[in-house]
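Right, one structure below, let's go through it.
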Amino acid sequence: MEKAKQLYEGKAKKVYATEDDNYVIVSYKDDATAFDGTKKGTIAGKGVVNNRMSNFLMQILEKEGVPTHFVEEINDRETVVKKVSIVPLEVIIRNVSAGSFAKRYGVEEGIVFDAPTIEFSYKNDDLHDPLINDYHAMALKLATAEEIEQIKAMAFKVNDVLKAYFLKLGVKLIDFKLEFGKTSDGAIVLADEISPDTCRFWDAETNEKLDKDRFRRDMGGVEDAYKEMMHRVFGE
Ligand code: UDP
């Protein structure tokens with residue numbers, strides 16, 4: 001499938017139309033942003049890592065019964081995905097305290113939860129993605145009650161599958177953000193990406209951070225962390 005007109009350019013990806021209205025092509029960039037877009041930078045090779053890792057994980061999830069937008073990887077940076085309308089919710093699952101959870105509730109990072117948590121943010125740049133609950137999401141007509149139930153069940157299933165998968169690679173899945181989309185026939189599918197940009201990965205032995213926190217916190221070794229995750233997943 002060929003790229004046609006560019007439809008959209010986001011912080012980390014570009015989206016192109018194709019000859020088929022049911023599909024679009026996403027192209028992953030090396031650009032990185034954090035803190036609501038106020039911190040900007042480049043992580044060399046990130047687009048390749050995120051594209052390949054996300055596609056690989058989505059295929060694992062499909063096999064486990066989670067429908068996704070994935071269709072076909074074209075090359076290292078570009079993938080055909082189903083065209084969806086994104087449900088304007090960021091769905092965050094946490095297994096261990098970190099990031100905004102630790103800050104918001106005044107606890108240290110690294111507390112292992114007895115059960116995973118779920119939270120939603122309203123995807124709205126002007127409002128800076130405020131935290132909302134299911135009732136707010138329904139009141140704002142962002143999704144129906146049925147869609148929210150489906151999204152929750154899918155998000156916890158993704159966690160079960162990926163947590164076990166990464167642990168075998170010596171990586172703890174601390175938390176992650178998912179986005180869901182609605183296809184033209186109304187089905188909810190997992191969309192966007194699953195990558196070191198959207199997940200926290202800690203080495204299971206040392207707790208070394210292997211994700212975008214190295215960029216957010218100016219820790220150095222950012223490219224190496226992405227490369228290390230590539231190595232764990234693909235052995236390359
Ligand atoms: N996350 C993301 N995009 C966002 C916000 C969060 O991909 O806009 C991911 C983040 O990488 C982490 C998880 O969601 O794996 C939880 O992030 P948190 O709420 O702790 O926010 P942060 O500390 O990243 O601002």
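Residue numbers start at 1 in each chain; chains themselves are named A, B, ... in the order of the structure tokens; ligands are numbered from 1 in the order shown.
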
Proximity of chain A to ligand 1: per-residue shortest pair, 7 Å limit, only C-alpha atoms and all ligand atoms, as CSV:
```
residue,atom,partner,partner_atom_place_in_ligand_line,distance
A:Phe35,CA,ligand 1,25 (O),6.3
A:Ile92,CA,ligand 1,14 (O),5.6
A:Ala98,CA,ligand 1,20 (O),5.7
A:Gly99,CA,ligand 1,23 (O),3.4
A:Ser100,CA,ligand 1,20 (O),3.8
A:Phe101,CA,ligand 1,20 (O),5.5
A:Asp175,CA,ligand 1,15 (O),4.7
A:Phe176,CA,ligand 1,15 (O),3.8
A:Lys177,CA,ligand 1,14 (O),4.0
A:Asp197,CA,ligand 1,11 (O),5.5
A:Thr198,CA,ligand 1,7 (O),3.3
A:Cys199,CA,ligand 1,15 (O),3.6
A:Arg200,CA,ligand 1,15 (O),4.3
A:Lys212,CA,ligand 1,11 (O),6.6
```

C-alpha atoms of the current selection, written as an mmCIF file, in the first residue's frame:
```cif
data_model
loop_
_atom_site.group_PDB
_atom_site.id
_atom_site.type_symbol
_atom_site.label_atom_id
_atom_site.label_comp_id
_atom_site.auth_asym_id
_atom_site.auth_seq_id
_atom_site.Cartn_x
_atom_site.Cartn_y
_atom_site.Cartn_z
ATOM 1 C CA PHE A 35 5.752 17.489 30.099
ATOM 2 C CA ILE A 92 -3.297 4.133 32.084
ATOM 3 C CA ALA A 98 5.841 5.700 39.510
ATOM 4 C CA GLY A 99 5.596 9.046 37.738
ATOM 5 C CA SER A 100 2.457 11.101 38.233
ATOM 6 C CA PHE A 101 0.909 8.497 40.577
ATOM 7 C CA ASP A 175 2.888 1.165 33.950
ATOM 8 C CA PHE A 176 1.703 2.112 30.463
ATOM 9 C CA LYS A 177 -0.743 4.203 28.494
ATOM 10 C CA ASP A 197 7.552 6.074 24.868
ATOM 11 C CA THR A 198 4.298 4.845 26.389
ATOM 12 C CA CYS A 199 5.415 2.224 28.923
ATOM 13 C CA ARG A 200 7.717 2.249 31.933
ATOM 14 C CA LYS A 212 11.389 7.479 28.090
#
```

**Request:** Using backbone DSSP assignments, extract all alpha helix (DSSP H) residues from region 64-221 of chain A; output them as a PyMOL selection string.
**Result:** chain A and resi 99-105+134-139+145-168+213-216

Only C-alpha atoms, please: the residues just picked out, written as a PDB file, in the first residue's frame.
```pdb
ATOM      1  CA  GLY A  99       5.596   9.046  37.738  1.00  0.00           C
ATOM      2  CA  SER A 100       2.457  11.101  38.233  1.00  0.00           C
ATOM      3  CA  PHE A 101       0.909   8.497  40.577  1.00  0.00           C
ATOM      4  CA  ALA A 102       3.826   8.778  43.011  1.00  0.00           C
ATOM      5  CA  LYS A 103       3.736  12.567  42.782  1.00  0.00           C
ATOM      6  CA  ARG A 104      -0.055  12.921  43.082  1.00  0.00           C
ATOM      7  CA  TYR A 105      -0.411  10.682  46.125  1.00  0.00           C
ATOM      8  CA  ASP A 134     -15.851   6.735  33.812  1.00  0.00           C
ATOM      9  CA  TYR A 135     -18.893   8.757  34.833  1.00  0.00           C
ATOM     10  CA  HIS A 136     -17.284  11.975  33.624  1.00  0.00           C
ATOM     11  CA  ALA A 137     -16.328  10.281  30.352  1.00  0.00           C
ATOM     12  CA  MET A 138     -19.943   9.175  29.842  1.00  0.00           C
ATOM     13  CA  ALA A 139     -21.307  12.596  30.830  1.00  0.00           C
ATOM     14  CA  ALA A 145     -20.958   2.733  29.258  1.00  0.00           C
ATOM     15  CA  GLU A 146     -20.590  -0.402  27.144  1.00  0.00           C
ATOM     16  CA  GLU A 147     -17.506   0.946  25.357  1.00  0.00           C
ATOM     17  CA  ILE A 148     -15.890   1.915  28.656  1.00  0.00           C
ATOM     18  CA  GLU A 149     -16.488  -1.576  30.071  1.00  0.00           C
ATOM     19  CA  GLN A 150     -14.972  -3.072  26.925  1.00  0.00           C
ATOM     20  CA  ILE A 151     -11.979  -0.722  27.091  1.00  0.00           C
ATOM     21  CA  LYS A 152     -11.336  -1.586  30.753  1.00  0.00           C
ATOM     22  CA  ALA A 153     -11.499  -5.326  30.098  1.00  0.00           C
ATOM     23  CA  MET A 154      -9.178  -4.999  27.089  1.00  0.00           C
ATOM     24  CA  ALA A 155      -6.696  -2.827  29.019  1.00  0.00           C
ATOM     25  CA  PHE A 156      -6.429  -5.346  31.887  1.00  0.00           C
ATOM     26  CA  LYS A 157      -6.040  -8.177  29.376  1.00  0.00           C
ATOM     27  CA  VAL A 158      -3.220  -6.260  27.655  1.00  0.00           C
ATOM     28  CA  ASN A 159      -1.574  -5.905  31.069  1.00  0.00           C
ATOM     29  CA  ASP A 160      -1.841  -9.632  31.845  1.00  0.00           C
ATOM     30  CA  VAL A 161      -0.308 -10.576  28.503  1.00  0.00           C
ATOM     31  CA  LEU A 162       2.451  -7.957  28.389  1.00  0.00           C
ATOM     32  CA  LYS A 163       3.451  -8.203  32.045  1.00  0.00           C
ATOM     33  CA  ALA A 164       4.107 -11.923  31.652  1.00  0.00           C
ATOM     34  CA  TYR A 165       5.782 -11.436  28.261  1.00  0.00           C
ATOM     35  CA  PHE A 166       8.232  -8.786  29.475  1.00  0.00           C
ATOM     36  CA  LEU A 167       9.051 -10.615  32.700  1.00  0.00           C
ATOM     37  CA  LYS A 168      10.394 -13.486  30.593  1.00  0.00           C
ATOM     38  CA  ASP A 213      11.900   8.476  31.734  1.00  0.00           C
ATOM     39  CA  ARG A 214      15.607   8.689  30.842  1.00  0.00           C
ATOM     40  CA  PHE A 215      14.672  11.512  28.432  1.00  0.00           C
ATOM     41  CA  ARG A 216      12.098  13.146  30.736  1.00  0.00           C
TER      42      ARG A 216
END
```

**Asked** Which of these, A:Lys123, A:Lys172, A:Arg217, A:Lys182, has the shortest distance to Glu205 (chain A) once you count only C-alpha atoms?
**Response** A:Lys172

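Once Glu193 (chain A) and its same-chain neighbours fewer than 3 positions away are set aside, Asn50, Asn51, Met53, Ser54, Asn55, Met58, Lys177, Leu178, Glu179, Leu190, Asp197 and Thr198 of chain A remain within 9 Å of it when counting only C-alpha atoms.
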
Filtering to all heavy atoms, could you give me those residues as a CSV table (one decimal), in the first residue's frame?
```csv
chain,number,residue,atom,x,y,z
A,50,ASN,N,10.1,2.0,18.2
A,50,ASN,CA,8.7,2.1,18.6
A,50,ASN,C,7.8,1.4,17.5
A,50,ASN,O,6.9,0.7,17.9
A,50,ASN,CB,8.3,3.5,18.8
A,50,ASN,CG,8.9,4.1,20.1
A,50,ASN,OD1,9.7,3.5,20.7
A,50,ASN,ND2,8.5,5.3,20.4
A,51,ASN,N,8.1,1.6,16.3
A,51,ASN,CA,7.3,1.0,15.2
A,51,ASN,C,7.4,-0.5,15.3
A,51,ASN,O,6.4,-1.2,15.4
A,51,ASN,CB,7.8,1.5,13.8
A,51,ASN,CG,7.0,0.9,12.7
A,51,ASN,OD1,5.8,0.9,12.7
A,51,ASN,ND2,7.8,0.4,11.7
A,53,MET,N,8.6,-2.5,17.7
A,53,MET,CA,8.1,-3.1,19.0
A,53,MET,C,6.6,-3.1,19.1
A,53,MET,O,6.0,-4.1,19.5
A,53,MET,CB,8.8,-2.4,20.2
A,53,MET,CG,8.5,-3.1,21.5
A,53,MET,SD,9.1,-2.3,22.9
A,53,MET,CE,10.8,-2.2,22.6
A,54,SER,N,6.0,-1.9,18.7
A,54,SER,CA,4.6,-1.8,18.9
A,54,SER,C,3.9,-2.8,18.0
A,54,SER,O,2.9,-3.5,18.4
A,54,SER,CB,4.2,-0.4,18.5
A,54,SER,OG,2.8,-0.2,18.8
A,55,ASN,N,4.4,-3.0,16.7
A,55,ASN,CA,3.8,-3.9,15.8
A,55,ASN,C,3.9,-5.4,16.3
A,55,ASN,O,2.9,-6.2,16.3
A,55,ASN,CB,4.4,-3.8,14.4
A,55,ASN,CG,4.1,-2.5,13.8
A,55,ASN,OD1,3.1,-1.9,14.1
A,55,ASN,ND2,4.9,-2.2,12.8
A,58,MET,N,1.5,-5.8,19.3
A,58,MET,CA,0.1,-5.9,18.9
A,58,MET,C,-0.2,-7.2,18.2
A,58,MET,O,-1.3,-7.7,18.4
A,58,MET,CB,-0.2,-4.7,17.9
A,58,MET,CG,-0.1,-3.4,18.5
A,58,MET,SD,-1.5,-2.3,18.2
A,58,MET,CE,-1.0,-0.8,19.1
A,177,LYS,N,0.4,3.5,29.0
A,177,LYS,CA,-0.7,4.2,28.5
A,177,LYS,C,-1.2,3.6,27.2
A,177,LYS,O,-0.4,3.2,26.3
A,177,LYS,CB,-0.3,5.6,28.2
A,177,LYS,CG,-1.4,6.6,27.8
A,177,LYS,CD,-1.6,6.8,26.3
A,177,LYS,CE,-0.3,7.3,25.6
A,177,LYS,NZ,-0.5,7.5,24.2
A,178,LEU,N,-2.5,3.3,27.1
A,178,LEU,CA,-3.1,2.8,25.9
A,178,LEU,C,-4.1,3.8,25.3
A,178,LEU,O,-4.7,4.6,26.1
A,178,LEU,CB,-3.9,1.5,26.2
A,178,LEU,CG,-3.1,0.3,26.7
A,178,LEU,CD1,-4.0,-0.8,27.1
A,178,LEU,CD2,-2.0,-0.1,25.8
A,179,GLU,N,-4.3,3.7,24.0
A,179,GLU,CA,-5.4,4.4,23.4
A,179,GLU,C,-6.2,3.5,22.5
A,179,GLU,O,-5.7,2.5,22.0
A,179,GLU,CB,-4.9,5.6,22.5
A,179,GLU,CG,-4.2,6.6,23.3
A,179,GLU,CD,-3.7,7.8,22.5
A,179,GLU,OE1,-4.3,8.1,21.4
A,179,GLU,OE2,-2.8,8.5,23.0
A,190,LEU,N,-7.6,-1.8,19.9
A,190,LEU,CA,-6.4,-1.1,20.5
A,190,LEU,C,-5.7,-0.4,19.4
A,190,LEU,O,-5.5,-0.9,18.3
A,190,LEU,CB,-5.5,-2.2,21.1
A,190,LEU,CG,-4.2,-1.7,21.8
A,190,LEU,CD1,-4.5,-0.8,23.0
A,190,LEU,CD2,-3.4,-2.9,22.2
A,197,ASP,N,8.1,4.7,24.7
A,197,ASP,CA,7.6,6.1,24.9
A,197,ASP,C,6.3,6.0,25.8
A,197,ASP,O,6.0,7.0,26.4
A,197,ASP,CB,7.1,6.7,23.5
A,197,ASP,CG,8.2,7.4,22.8
A,197,ASP,OD1,9.4,7.3,23.2
A,197,ASP,OD2,7.9,8.2,21.9
A,198,THR,N,5.6,4.9,25.7
A,198,THR,CA,4.3,4.8,26.4
A,198,THR,C,4.2,3.9,27.6
A,198,THR,O,3.2,3.7,28.2
A,198,THR,CB,3.2,4.5,25.4
A,198,THR,OG1,3.5,3.1,24.9
A,198,THR,CG2,3.2,5.4,24.2
```

**Request:** Can you work out which one of A:Val24, A:Leu169, A:Leu127, A:Val66 has the shortest atom-to-atom distance to Val233 (chain A), counting only C-alpha atoms?
**Result:** A:Leu169

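Nearest to Leu89 (chain A) of all the residues A:Asp114, A:Asp211, A:Glu228, A:Asp192 is A:Asp192, counting only C-alpha atoms.
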
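When only C-alpha atoms are used to compute distances to Val49 (chain A), the closest of the residues A:Lys227, A:Lys209, A:Arg232, A:His69 turns out to be A:Lys227.
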
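Taking only C-alpha atoms into account, Glu62 (chain A) lies nearest to A:Val189 out of the set A:Val189, A:Val87, A:Asn124, A:Gly221.
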